[in-house]
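Raw contents of target-v7.cif, mmCIF, C-alpha atoms:
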data_query
loop_
_atom_site.label_atom_id
_atom_site.label_comp_id
_atom_site.auth_asym_id
_atom_site.auth_seq_id
_atom_site.Cartn_x
_atom_site.Cartn_y
_atom_site.Cartn_z
CA MET R 1 0.31 -24.22 7.24
CA ILE R 2 -3.30 -23.81 8.24
CA PRO R 3 -5.33 -26.45 10.08
CA HIS R 4 -6.48 -29.31 7.85
CA PRO R 5 -10.10 -28.69 6.82
CA THR R 6 -12.99 -30.91 7.72
CA VAL R 7 -15.29 -31.29 4.72
CA LEU R 8 -18.95 -31.24 5.60
CA GLN R 9 -21.75 -32.76 3.54
CA SER R 10 -22.93 -29.27 2.60
CA GLY R 11 -19.80 -28.60 0.57
CA GLY R 12 -16.74 -26.43 1.27
CA PRO R 13 -14.16 -26.87 4.01
CA VAL R 14 -14.62 -25.45 7.49
CA TYR R 15 -11.41 -24.72 9.35
CA ASN R 16 -10.86 -25.12 13.04
CA THR R 17 -10.68 -21.48 14.07
CA ARG R 18 -9.42 -22.12 17.58
CA ALA R 19 -5.72 -21.70 18.12
CA PRO R 20 -3.51 -21.90 21.17
CA ALA R 21 -2.02 -18.68 22.51
CA ALA R 22 0.62 -17.55 20.03
CA SER R 23 4.16 -17.92 21.34
CA LEU R 24 6.47 -14.92 21.35
CA PRO R 25 8.86 -16.40 18.72
CA ALA R 26 5.88 -17.07 16.42
CA ARG R 27 4.59 -13.52 16.80
CA ILE R 28 8.04 -12.01 16.19
CA GLY R 29 8.62 -14.29 13.21
CA LEU R 30 5.31 -13.32 11.60
CA ALA R 31 5.99 -9.63 12.18
CA LEU R 32 9.41 -9.93 10.52
CA LEU R 33 7.96 -11.83 7.57
CA THR R 34 5.30 -9.14 7.16
CA LEU R 35 7.98 -6.44 7.33
CA VAL R 36 10.06 -8.10 4.61
CA VAL R 37 7.05 -8.61 2.32
CA ILE R 38 5.58 -5.11 2.71
CA ILE R 39 8.68 -2.90 2.98
CA PRO R 40 11.28 -3.67 0.27
CA ALA R 41 14.30 -2.59 2.28
CA LYS R 42 17.69 -3.05 0.66
CA ILE R 43 20.57 -4.05 2.93
CA SER R 44 23.98 -2.54 2.14
CA ILE R 45 26.73 -5.14 2.00
CA GLY R 46 29.89 -3.30 1.04
CA LYS R 47 29.24 -1.88 -2.44
CA VAL R 48 26.52 -4.45 -3.08
CA GLY R 49 22.90 -4.23 -1.91
CA ALA R 50 20.61 -7.16 -1.21
CA ALA R 51 16.90 -7.04 -0.45
CA PRO R 52 15.69 -9.74 2.00
CA GLY R 53 12.39 -9.80 0.12
CA GLN R 54 14.18 -11.19 -2.94
CA PHE R 55 14.68 -14.40 -0.97
CA ILE R 56 11.69 -14.46 1.40
CA VAL R 57 8.94 -13.67 -1.14
CA PRO R 58 9.90 -16.54 -3.52
CA LEU R 59 10.26 -18.89 -0.54
CA LEU R 60 6.77 -18.06 0.75
CA ALA R 61 5.35 -18.30 -2.79
CA LEU R 62 6.90 -21.72 -3.39
CA THR R 63 5.65 -22.93 0.00
CA PHE R 64 2.11 -21.93 -0.91
CA LEU R 65 2.37 -23.64 -4.31
CA PHE R 66 3.67 -26.82 -2.66
CA ARG R 67 0.79 -26.82 -0.18
CA THR R 68 -1.63 -26.33 -3.06
CA VAL R 69 -0.16 -29.26 -5.00
CA VAL R 70 -0.42 -31.62 -2.02
CA GLY R 71 -3.98 -30.51 -1.36
CA GLN R 72 -3.50 -28.72 1.95
CA THR R 73 -5.09 -25.46 0.81
CA GLU R 74 -7.91 -24.17 -1.36
CA PHE R 75 -7.12 -21.90 -4.34
CA GLY R 76 -10.64 -20.80 -5.46
CA LEU R 77 -10.97 -17.02 -5.71
CA ALA R 78 -7.20 -16.59 -5.62
CA ALA R 79 -6.84 -18.84 -8.69
CA ARG R 80 -9.24 -16.71 -10.70
CA PHE R 81 -7.53 -13.49 -9.64
CA GLY R 82 -4.08 -14.96 -10.33
CA LEU R 83 -5.23 -16.17 -13.76
CA HIS R 84 -6.45 -12.65 -14.54
CA VAL R 85 -3.00 -11.24 -13.70
CA VAL R 86 -1.31 -13.95 -15.83
CA LEU R 87 -3.54 -13.17 -18.84
CA VAL R 88 -2.74 -9.45 -18.56
CA PHE R 89 0.95 -10.37 -18.33
CA CYS R 90 0.68 -12.40 -21.55
CA TYR R 91 -0.92 -9.46 -23.34
CA VAL R 92 1.65 -6.93 -22.10
CA LEU R 93 4.52 -9.28 -22.92
CA GLY R 94 3.09 -9.82 -26.41
CA VAL R 95 2.92 -6.06 -27.01
CA ALA R 96 6.50 -5.67 -25.77
CA LEU R 97 7.79 -8.45 -28.05
CA LEU R 98 5.95 -7.08 -31.07
CA GLU R 99 7.63 -3.73 -30.46
CA GLY R 100 11.08 -5.26 -30.14
CA GLY R 101 11.01 -6.42 -26.51
CA ASN R 102 13.09 -3.50 -25.26
CA ASP R 103 10.74 -2.35 -22.47
CA LEU R 104 9.50 -5.00 -20.06
CA THR R 105 8.67 -2.56 -17.25
CA ILE R 106 4.99 -3.49 -16.85
CA ALA R 107 5.57 -7.17 -17.61
CA LEU R 108 8.11 -7.36 -14.78
CA GLN R 109 5.71 -5.58 -12.42
CA LEU R 110 3.11 -8.24 -13.19
CA VAL R 111 5.64 -10.99 -12.42
CA PHE R 112 6.27 -9.22 -9.11
CA ALA R 113 2.51 -9.09 -8.47
CA ILE R 114 2.12 -12.83 -9.03
CA ALA R 115 5.04 -13.63 -6.72
CA VAL R 116 3.76 -11.30 -3.95
CA LEU R 117 0.21 -12.65 -4.28
CA LEU R 118 1.41 -16.21 -3.72
CA ALA R 119 3.65 -15.08 -0.85
CA ASP R 120 0.78 -13.15 0.74
CA LEU R 121 -1.52 -16.17 0.49
CA GLN R 122 1.04 -18.16 2.46
CA LEU R 123 1.55 -15.31 4.93
CA VAL R 124 -2.21 -15.14 5.59
CA ALA R 125 -2.21 -18.90 6.10
CA LEU R 126 0.51 -18.52 8.74
CA TYR R 127 -1.47 -15.84 10.53
CA ARG R 128 -4.49 -18.14 10.58
CA LYS R 129 -2.36 -20.97 11.94
CA VAL R 130 -0.86 -18.87 14.73
CA TYR R 131 -3.81 -16.68 15.73
CA GLY R 132 -6.89 -18.68 14.73
CA ARG R 133 -10.04 -16.61 14.29
CA GLU R 134 -8.27 -13.48 15.54
CA TYR R 135 -5.84 -13.53 12.63
CA LEU R 136 -7.33 -10.60 10.71
CA GLY R 137 -7.16 -8.16 13.61
CA LYS R 138 -3.57 -9.23 14.35
CA LEU R 139 -2.63 -8.84 10.69
CA LEU R 140 -4.11 -5.34 10.38
CA ARG R 141 -2.43 -4.24 13.61
CA THR R 142 0.93 -5.60 12.46
CA VAL R 143 0.73 -3.76 9.14
CA PHE R 144 -0.37 -0.59 10.92
CA TYR R 145 2.52 -0.58 13.39
CA LEU R 146 5.09 -1.52 10.75
CA GLY R 147 3.98 1.47 8.70
CA ALA R 148 4.14 3.70 11.77
CA SER R 149 7.63 2.41 12.60
CA ASN R 150 8.87 3.29 9.12
CA ALA R 151 7.38 6.77 9.53
CA VAL R 152 9.22 7.27 12.83
CA ILE R 153 12.47 6.11 11.23
CA ALA R 154 11.95 8.50 8.29
CA ILE R 155 11.31 11.44 10.59
CA GLY R 156 14.34 10.46 12.67
CA THR R 157 16.61 10.59 9.61
CA LEU R 158 15.47 14.16 8.96
CA LEU R 159 15.91 15.27 12.56
CA SER R 160 19.30 13.63 13.20
CA SER R 161 22.10 13.48 10.66
CA GLY R 162 23.96 11.07 12.95
CA PHE R 163 21.04 8.65 13.02
CA SER R 164 20.64 9.03 9.25
CA ASP R 165 24.32 8.28 8.58
CA ALA R 166 24.26 5.24 10.87
CA LEU R 167 21.06 3.86 9.33
CA HIS R 168 22.16 4.28 5.74
CA LYS R 169 25.38 2.43 6.37
CA VAL R 170 23.09 -0.58 6.71
CA ILE R 171 19.98 0.37 4.71
CA ALA R 172 20.59 1.51 1.12
CA ILE R 173 18.51 4.26 -0.50
CA SER R 174 18.42 5.55 -4.07
CA ASP R 175 20.36 8.55 -5.32
CA ASP R 176 17.14 10.58 -5.58
CA ALA R 177 16.21 9.67 -2.00
CA THR R 178 19.68 10.66 -0.82
CA GLU R 179 19.37 14.03 -2.57
CA HIS R 180 15.92 14.69 -1.08
CA LEU R 181 17.17 13.77 2.38
CA SER R 182 20.14 16.11 2.07
CA GLU R 183 17.74 18.91 1.11
CA GLY R 184 15.91 18.29 4.40
CA TYR R 185 12.31 17.84 3.31
CA ARG R 186 11.83 14.21 2.19
CA ALA R 187 12.79 10.87 3.75
CA THR R 188 12.00 7.26 2.86
CA GLY R 189 12.86 5.42 6.07
CA LEU R 190 13.52 1.76 5.22
CA PHE R 191 12.23 2.08 1.64
CA PHE R 192 14.88 2.19 -1.09
CA SER R 193 13.04 5.01 -2.84
CA GLY R 194 9.71 6.79 -2.87
CA ALA R 195 8.12 10.21 -2.96
CA SER R 196 4.45 10.70 -3.79
CA THR R 197 4.03 6.91 -4.09
CA LEU R 198 5.37 6.54 -0.55
CA SER R 199 2.96 9.21 0.68
CA MET R 200 0.13 7.09 -0.76
CA PHE R 201 1.46 4.11 1.23
CA TYR R 202 1.29 6.17 4.42
CA ALA R 203 -2.19 7.41 3.52
CA PHE R 204 -3.38 3.81 3.26
CA ILE R 205 -1.64 2.81 6.50
CA PHE R 206 -3.36 5.77 8.20
CA LEU R 207 -6.71 4.60 6.81
CA ILE R 208 -6.07 1.06 8.09
CA GLY R 209 -5.50 2.46 11.57
CA VAL R 210 -8.68 4.52 11.54
CA VAL R 211 -10.84 1.72 10.15
CA HIS R 212 -9.42 -0.94 12.44
CA TYR R 213 -9.32 0.94 15.74
CA ALA R 214 -12.44 3.07 15.31
CA ASP R 215 -14.71 0.23 14.13
CA SER R 216 -16.28 -1.20 17.26
CA GLU R 217 -19.56 -2.22 18.81
CA ARG R 218 -18.66 -0.07 21.81
CA ARG R 219 -17.11 3.30 22.45
CA ILE R 220 -13.33 3.09 22.73
CA SER R 221 -11.65 4.33 25.90
CA GLN R 222 -9.78 7.61 26.11
CA GLY R 223 -6.52 5.72 26.63
CA ARG R 224 -6.93 3.61 23.53
CA SER R 225 -8.04 6.58 21.42
CA LEU R 226 -5.02 8.57 22.69
CA ALA R 227 -2.55 5.77 21.88
CA THR R 228 -4.09 5.31 18.43
CA ALA R 229 -3.96 9.06 17.79
CA VAL R 230 -0.26 9.23 18.73
CA THR R 231 0.54 6.43 16.27
CA LEU R 232 -1.58 8.04 13.56
CA CYS R 233 0.26 11.33 14.12
CA ALA R 234 3.55 9.54 13.52
CA ILE R 235 2.17 8.13 10.26
CA LEU R 236 0.90 11.56 9.28
CA GLY R 237 4.38 12.93 9.93
CA GLY R 238 5.86 10.24 7.68
CA LEU R 239 3.33 11.15 5.00
CA ILE R 240 4.22 14.84 5.17
CA VAL R 241 7.96 14.18 4.79
CA SER R 242 7.48 11.84 1.83
CA GLY R 243 5.09 13.58 -0.58
CA ARG R 244 1.93 15.60 -0.97
CA THR R 245 -0.29 13.39 -3.13
CA GLY R 246 -1.13 11.06 -0.26
CA LEU R 247 -2.36 13.95 1.89
CA VAL R 248 -4.95 15.01 -0.69
CA VAL R 249 -6.15 11.44 -1.26
CA LEU R 250 -6.24 10.68 2.47
CA MET R 251 -8.56 13.63 3.11
CA LEU R 252 -10.92 12.32 0.41
CA CYS R 253 -10.87 8.78 1.84
CA LEU R 254 -11.51 10.00 5.37
CA ALA R 255 -14.48 12.04 4.14
CA ILE R 256 -15.85 8.90 2.47
CA TYR R 257 -15.25 6.94 5.67
CA VAL R 258 -17.18 9.41 7.82
CA ALA R 259 -19.99 9.61 5.28
CA LEU R 260 -20.38 5.95 4.34
CA TYR R 261 -18.48 3.44 6.44
CA GLY R 262 -20.92 3.26 9.34
CA ARG R 263 -23.66 2.23 6.93
CA LEU R 264 -21.84 -0.86 5.68
CA GLU R 265 -23.30 -4.18 6.72
CA GLY R 266 -21.33 -5.52 9.69
CA ALA R 267 -19.62 -2.22 10.55
CA GLY R 268 -19.48 -1.33 14.23
CA ARG R 269 -22.21 1.00 15.39
CA TYR R 270 -19.69 3.40 16.92
CA ALA R 271 -17.30 3.43 13.94
CA ARG R 272 -17.81 7.07 13.04
CA THR R 273 -18.09 8.23 16.67
CA ASN R 274 -14.82 6.55 17.61
CA ALA R 275 -13.13 7.93 14.48
CA LEU R 276 -14.15 11.47 15.41
CA LYS R 277 -12.81 10.96 18.95
CA ILE R 278 -9.46 9.85 17.55
CA GLY R 279 -9.60 12.75 15.10
CA MET R 280 -9.99 15.26 17.92
CA TRP R 281 -6.86 13.95 19.61
CA ILE R 282 -4.95 14.20 16.31
CA LEU R 283 -6.14 17.79 15.83
CA MET R 284 -4.97 18.69 19.34
CA PHE R 285 -1.54 17.13 18.73
CA ALA R 286 -1.24 18.88 15.36
CA LEU R 287 -2.06 22.28 16.86
CA ALA R 288 0.35 21.71 19.74
CA ALA R 289 3.13 20.67 17.34
CA ALA R 290 2.50 23.69 15.12
CA ALA R 291 2.53 26.07 18.10
CA SER R 292 5.76 24.65 19.53
CA LEU R 293 7.66 24.41 16.22
CA VAL R 294 6.40 27.53 14.45
CA SER R 295 9.75 29.25 15.06
CA ASN R 296 11.76 26.30 13.70
CA ASP R 297 12.91 27.14 10.16
CA SER R 298 13.13 23.50 9.05
CA PHE R 299 9.63 22.75 10.29
CA VAL R 300 8.23 25.86 8.59
CA ALA R 301 9.94 24.92 5.32
CA ILE R 302 8.59 21.35 5.37
CA ALA R 303 5.09 22.48 6.38
CA SER R 304 5.03 25.18 3.71
CA TRP R 305 6.05 22.65 1.07
CA ALA R 306 3.62 19.94 2.25
CA PHE R 307 0.62 22.26 2.55
CA GLU R 308 1.46 24.52 -0.40
CA LEU R 309 -1.77 23.64 -2.23
CA TYR R 310 -3.96 24.53 0.76
CA ILE R 311 -1.99 27.68 1.56
CA ASN R 312 -2.49 28.89 -2.00
CA ILE R 313 -6.23 28.15 -1.82
CA LEU R 314 -6.63 30.06 1.45
CA SER R 315 -4.53 32.96 0.22
CA GLY R 316 -6.59 33.31 -2.95
CA GLY R 317 -3.91 31.89 -5.25
CA GLY R 318 -6.12 29.08 -6.47
CA ALA R 319 -5.83 25.29 -6.24
CA ARG R 320 -2.27 25.12 -7.52
CA SER R 321 1.26 24.26 -6.41
CA ASN R 322 4.63 23.75 -8.03
CA SER R 323 3.64 20.12 -8.62
CA THR R 324 0.34 20.97 -10.31
CA ASP R 325 2.12 23.55 -12.49
CA ALA R 326 4.65 20.92 -13.56
CA LEU R 327 1.91 18.34 -14.17
CA GLN R 328 0.25 20.58 -16.73
CA GLN R 329 3.26 20.03 -18.97
CA MET R 330 3.15 16.25 -18.54
CA TYR R 331 -0.16 15.55 -20.26
CA PHE R 332 0.33 14.71 -23.93
CA LEU R 333 -0.33 11.80 -26.30
CA PRO R 334 1.61 9.85 -28.94
CA GLY R 335 1.64 11.25 -32.45
CA SER R 336 -0.72 8.86 -34.26
CA LEU R 337 -4.11 7.24 -33.62
CA HIS R 338 -2.55 3.78 -33.94
CA GLU R 339 -0.05 4.60 -31.19
CA ILE R 340 -2.77 6.14 -29.01
CA PHE R 341 -4.92 3.01 -29.18
CA PHE R 342 -2.22 0.31 -29.33
CA GLY R 343 0.87 1.96 -27.86
CA THR R 344 4.50 2.23 -28.88
CA GLY R 345 5.97 -0.43 -26.60
CA ASN R 346 7.88 2.30 -24.74
CA PHE R 347 6.78 3.02 -21.17
CA GLY R 348 9.33 5.78 -20.99
CA ARG R 349 11.80 4.44 -18.45
CA ALA R 350 13.87 1.81 -20.29
CA GLU R 351 17.51 2.89 -20.75
CA SER R 352 17.58 1.65 -24.35
CA LEU R 353 14.52 3.70 -25.39
CA PRO R 354 13.73 7.44 -25.51
CA TYR R 355 12.80 8.93 -22.14
CA ILE R 356 9.22 10.22 -21.97
CA GLU R 357 9.06 13.56 -20.17
CA SER R 358 6.05 12.70 -18.03
CA ASP R 359 5.49 11.12 -14.64
CA VAL R 360 1.75 10.64 -15.22
CA GLY R 361 0.75 6.98 -15.04
CA TYR R 362 -2.01 7.19 -17.65
CA VAL R 363 0.26 8.98 -20.14
CA LEU R 364 3.02 6.38 -19.77
CA PHE R 365 0.53 3.52 -20.08
CA ILE R 366 -0.90 4.99 -23.29
CA PHE R 367 2.60 5.33 -24.74
CA GLY R 368 3.53 1.82 -23.63
CA ALA R 369 0.41 -0.22 -24.41
CA GLY R 370 -2.15 2.22 -25.78
CA ILE R 371 -5.62 2.91 -24.48
CA LEU R 372 -6.55 -0.73 -25.14
CA GLY R 373 -3.59 -2.07 -23.16
CA MET R 374 -4.18 0.44 -20.36
CA LEU R 375 -7.79 -0.73 -19.97
CA ILE R 376 -6.67 -4.37 -19.96
CA CYS R 377 -4.01 -3.65 -17.33
CA PHE R 378 -6.31 -1.70 -15.03
CA SER R 379 -9.01 -4.35 -15.32
CA ILE R 380 -7.03 -6.10 -12.58
CA PHE R 381 -8.08 -3.38 -10.14
CA LEU R 382 -11.69 -3.74 -11.22
CA HIS R 383 -11.26 -7.38 -10.22
CA VAL R 384 -9.95 -6.17 -6.86
CA TYR R 385 -13.08 -4.04 -6.51
CA ARG R 386 -15.20 -7.10 -7.28
CA LEU R 387 -13.36 -9.04 -4.57
CA SER R 388 -14.09 -6.20 -2.13
CA ARG R 389 -17.74 -7.22 -2.34
CA VAL R 390 -17.04 -10.70 -0.91
CA ARG R 391 -18.83 -10.53 2.44
CA ALA R 392 -16.85 -13.22 4.22
CA ALA R 393 -13.82 -10.94 4.77
CA GLY R 394 -15.97 -8.38 6.59
CA PRO R 395 -16.61 -4.64 6.22
CA LYS R 396 -13.08 -3.52 7.11
CA VAL R 397 -11.33 -5.39 4.32
CA SER R 398 -14.16 -4.56 1.93
CA PHE R 399 -13.90 -0.82 2.62
CA LEU R 400 -10.08 -0.82 2.53
CA LEU R 401 -9.98 -2.60 -0.83
CA LYS R 402 -12.45 -0.12 -2.31
CA MET R 403 -10.33 2.78 -1.06
CA ALA R 404 -7.17 1.11 -2.41
CA VAL R 405 -8.71 0.91 -5.88
CA LEU R 406 -9.72 4.57 -5.60
CA MET R 407 -6.16 5.50 -4.59
CA VAL R 408 -4.72 3.67 -7.60
CA PHE R 409 -7.02 5.35 -10.10
CA ILE R 410 -6.46 8.81 -8.59
CA GLY R 411 -2.73 8.28 -8.13
CA ASN R 412 -2.16 7.57 -11.83
CA PHE R 413 -3.06 11.17 -12.61
CA LYS R 414 0.23 12.03 -10.86
CA ASP R 415 2.57 9.00 -11.00
CA VAL R 416 2.59 5.38 -12.06
CA TYR R 417 0.58 3.22 -9.65
CA PHE R 418 0.50 -0.36 -10.80
CA PHE R 419 2.47 -3.19 -9.22
CA SER R 420 5.79 -1.59 -8.33
CA GLN R 421 7.50 -2.11 -4.99
CA ASN R 422 5.87 0.92 -3.38
CA GLY R 423 4.32 -0.72 -0.30
CA LEU R 424 0.76 -0.01 -1.41
CA THR R 425 0.96 -2.86 -3.93
CA GLN R 426 1.99 -5.34 -1.26
CA ILE R 427 -0.82 -4.33 1.10
CA ILE R 428 -3.46 -4.49 -1.63
CA LEU R 429 -2.39 -8.02 -2.53
CA LEU R 430 -2.32 -8.93 1.18
CA LEU R 431 -5.95 -7.82 1.57
CA VAL R 432 -6.83 -9.65 -1.66
CA SER R 433 -5.31 -12.79 -0.10
CA VAL R 434 -7.44 -12.30 3.03
CA THR R 435 -10.56 -11.99 0.90
CA CYS R 436 -9.71 -15.01 -1.25
CA THR R 437 -9.17 -17.26 1.78
CA ALA R 438 -11.88 -15.93 4.12
CA ASP R 439 -14.10 -18.55 5.75
CA ARG R 440 -17.77 -17.91 5.30
CA GLY R 441 -19.02 -16.82 8.74
CA LYS R 442 -15.83 -17.82 10.54
CA ALA R 443 -13.70 -14.67 10.63
CA ASP R 444 -13.86 -12.14 13.43
CA HIS R 445 -13.72 -9.35 10.79
CA GLY R 446 -10.64 -7.94 12.48
CA ARG R 447 -12.19 -6.77 15.73
#
Written form, structure tokens:
Amino acid sequence: MIPHPTVLQSGGPVYNTRAPAASLPARIGLALLTLVVIIPAKISIGKVGAAPGQFIVPLLALTFLFRTVVGQTEFGLAARFGLHVVLVFCYVLGVALLEGGNDLTIALQLVFAIAVLLADLQLVALYRKVYGREYLGKLLRTVFYLGASNAVIAIGTLLSSGFSDALHKVIAISDDATEHLSEGYRATGLFFSGASTLSMFYAFIFLIGVVHYADSERRISQGRSLATAVTLCAILGGLIVSGRTGLVVLMLCLAIYVALYGRLEGAGRYARTNALKIGMWILMFALAAAASLVSNDSFVAIASWAFELYINILSGGGARSNSTDALQQMYFLPGSLHEIFFGTGNFGRAESLPYIESDVGYVLFIFGAGILGMLICFSIFLHVYRLSRVRAAGPKVSFLLKMAVLMVFIGNFKDVYFFSQNGLTQIILLLVSVTCTADRGKADHGR
């Protein structure tokens, strides 16, 4: 619960932003809750798997709803965003029922989004209760280090078969993830599954680290920039061993950061300077790693696969890779204008319906709900972009939400990026919750 608001004559509530020093159990508890919400790990129990998030997310969501009913919290912006998601759910469900109700893929993802949004609103409230006005910085740091920890675990499973066997006796992974791991070039860490979608998660975690640690009103010390660079290198390693899409999108987002972030209102004056300092450390580590591992066959194989696109460009082979060649065969449309505009009700992954030979998000959305349904579904992310313009949450959250929307729209040219349990979804909704509950002029903007 957050501190009870004092209502002033001028209108909205003003919360007491002072909080006592957070106790160690409270900090550990919040970190574990954040882990469960963001990373949908599945615990192996004999032949049965259980995801802690299946219990924790509904519990947090119900707690937030209870607090709302008894008047201990404001709903405001979150109510409007939640209503938008509910209306899209009603439309998608209607389309599914009209087509026989055999494919509820997107409808179920929207149910997941509503549950995670409510859980994230409660999680943000707990951070505010424990950390007071410093809650945003603590939240961003927690997410950053949880992502880095998963990257280290993923890399560890590739480097050590013993560690991998021990971990996956406790943490379940999908058959595809098991096959990729056995081939020695992809690993999911604590995630049940993930490839290019997981690489996008790491790309966003990397961006959180850069934005949070570089943004400052003063130059960061060499020690802090070194520690940040080491953690970012771990995340970059996790990205490389998960997929290649995130690497391309991350480079675009970092270019936008260097070009634009320092100009945002409220951004630290040394944001770009500090980012370049951290970047130099990362470059040095990358060169050192490449020089020391260049004779390692496994490293060469992973690096060649991860950087295939760039190697082909530099060698004169053009901007192409095995993935881009395969993608060219995945762009096609339904057979009639009616199906193109209104869909077939088949998103291509239901066992009872024909499989659609495409991974492209936009293609599957057109088959499932048509161009009209696709526009209605993705209007949710335009709402997210609108929320990114709320000044109270500060420039960091604003910039991160804008980049998240960009990642979603780019990512759907390769895979489906909507509201699946891919990690990126959970972080987007967490930042939406921060924006929806931000106090005007009361947050520290994460510094």
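Omitting stretch 153-157 of chain R and its sequence neighbours fewer than 2 positions away, and counting all atoms listed in the file, the residues within 9 Å are Ala148, Ser149, Asn150, Ala151, Leu159, Ser160, Ser161, Gly162, Phe163, Ser164, Asp165, Leu167, Leu181, Arg186, Ala187, Thr188, Gly189, Leu190, Ala234, Gly237, Gly238, Val241 and Ser242 of chain R.
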Picked residues, the PyMOL selection byres ((chain R and resi 243-251) around 8), expected as a list in words: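 Here the PyMOL selection byres ((chain R and resi 243-251) around 8) matches Arg186, Ala195, Ser196, Thr197, Leu198, Ser199, Met200, Phe201, Tyr202, Ala203, Phe204, Leu207, Leu239, Ile240, Val241, Ser242, Leu252, Cys253, Leu254, Ala255, Ala306, Phe307, Met407, Ile410, Gly411 and Lys414 of chain R.
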Might you pull out every residue within 12 Å of R:Glu351, with only C-alpha atoms counted and same-chain residues fewer than 6 positions away left off, and present them as an mmCIF file with C-alpha atoms, keeping the file's coordinate frame?
data_model
loop_
_atom_site.group_PDB
_atom_site.id
_atom_site.type_symbol
_atom_site.label_atom_id
_atom_site.label_comp_id
_atom_site.auth_asym_id
_atom_site.auth_seq_id
_atom_site.Cartn_x
_atom_site.Cartn_y
_atom_site.Cartn_z
ATOM 1 C CA ASN R 102 13.090 -3.500 -25.260
ATOM 2 C CA ASP R 103 10.740 -2.350 -22.470
ATOM 3 C CA LEU R 104 9.500 -5.000 -20.060
ATOM 4 C CA THR R 105 8.670 -2.560 -17.250
#
Straight-line distance linking atom CA of R:Leu430 with atom CA of R:Ile376, stated in Å to one decimal: 22.1 Å
Selected residue, from R:Gln328, R:Asn412, R:Ser388, R:Thr231, that lies nearest to R:Leu146 when counting all atoms listed in the file: R:Thr231
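Distance annotation: of R:Ser182, R:Phe206, R:Ser225, R:Ala31, the residue with the minimal separation from R:Lys138 is R:Ala31; atom set is only C-alpha atoms.
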Residue members of the PyMOL selection byres ((chain R and resi 56) around 12) in the file shown, as a CSV table (one decimal) with C-alpha atoms, in the coordinates of the input:
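Result file follows (expr-v5.csv):
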chain,number,residue,atom,x,y,z
R,32,LEU,CA,9.4,-9.9,10.5
R,33,LEU,CA,8.0,-11.8,7.6
R,34,THR,CA,5.3,-9.1,7.2
R,35,LEU,CA,8.0,-6.4,7.3
R,36,VAL,CA,10.1,-8.1,4.6
R,37,VAL,CA,7.0,-8.6,2.3
R,38,ILE,CA,5.6,-5.1,2.7
R,40,PRO,CA,11.3,-3.7,0.3
R,50,ALA,CA,20.6,-7.2,-1.2
R,51,ALA,CA,16.9,-7.0,-0.4
R,52,PRO,CA,15.7,-9.7,2.0
R,53,GLY,CA,12.4,-9.8,0.1
R,54,GLN,CA,14.2,-11.2,-2.9
R,55,PHE,CA,14.7,-14.4,-1.0
R,57,VAL,CA,8.9,-13.7,-1.1
R,58,PRO,CA,9.9,-16.5,-3.5
R,59,LEU,CA,10.3,-18.9,-0.5
R,60,LEU,CA,6.8,-18.1,0.8
R,61,ALA,CA,5.4,-18.3,-2.8
R,62,LEU,CA,6.9,-21.7,-3.4
R,63,THR,CA,5.6,-22.9,0.0
R,115,ALA,CA,5.0,-13.6,-6.7
R,116,VAL,CA,3.8,-11.3,-4.0
R,118,LEU,CA,1.4,-16.2,-3.7
R,119,ALA,CA,3.6,-15.1,-0.8
R,120,ASP,CA,0.8,-13.2,0.7
R,122,GLN,CA,1.0,-18.2,2.5
R,123,LEU,CA,1.6,-15.3,4.9
For this structure, which residues satisfy the selection - the PyMOL selection byres ((chain R and resi 84) around 12) - when it is evaluated on the file as given? I want them as a compact mmCIF listing (two decimals) with C-alpha atoms, keeping the file's coordinate frame.
# COMPACT_ATOMS: atom_id res chain seq x y z
CA LEU R 77 -10.97 -17.02 -5.71
CA ALA R 78 -7.20 -16.59 -5.62
CA ALA R 79 -6.84 -18.84 -8.69
CA ARG R 80 -9.24 -16.71 -10.70
CA PHE R 81 -7.53 -13.49 -9.64
CA GLY R 82 -4.08 -14.96 -10.33
CA LEU R 83 -5.23 -16.17 -13.76
CA VAL R 85 -3.00 -11.24 -13.70
CA VAL R 86 -1.31 -13.95 -15.83
CA LEU R 87 -3.54 -13.17 -18.84
CA VAL R 88 -2.74 -9.45 -18.56
CA PHE R 89 0.95 -10.37 -18.33
CA CYS R 90 0.68 -12.40 -21.55
CA TYR R 91 -0.92 -9.46 -23.34
CA LEU R 110 3.11 -8.24 -13.19
CA ALA R 113 2.51 -9.09 -8.47
CA ILE R 114 2.12 -12.83 -9.03
CA ILE R 376 -6.67 -4.37 -19.96
CA CYS R 377 -4.01 -3.65 -17.33
CA PHE R 378 -6.31 -1.70 -15.03
CA SER R 379 -9.01 -4.35 -15.32
CA ILE R 380 -7.03 -6.10 -12.58
CA PHE R 381 -8.08 -3.38 -10.14
CA LEU R 382 -11.69 -3.74 -11.22
CA HIS R 383 -11.26 -7.38 -10.22
CA VAL R 384 -9.95 -6.17 -6.86
Residues near R:Ala438, anyone? I mean within 6 Å using only C-alpha atoms, not counting same-chain ones fewer than 4 positions away, as a PDB file with C-alpha atoms, keeping the file's coordinate frame.
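New file part-v5.pdb:
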ATOM      1  CA  ALA R 392     -16.850 -13.220   4.220  1.00  0.00           C
ATOM      2  CA  ALA R 393     -13.820 -10.940   4.770  1.00  0.00           C
ATOM      3  CA  VAL R 434      -7.440 -12.300   3.030  1.00  0.00           C
TER       4      VAL R 434
END
Interatomic distance (Å, one decimal) between atom CA of R:Phe418 and atom CA of R:Leu431: 15.8 Å
Atom pair atom CA of R:Phe413 / atom CA of R:Asn346: separation (Å):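 Computing it gives 18.6 Å between the two atoms.
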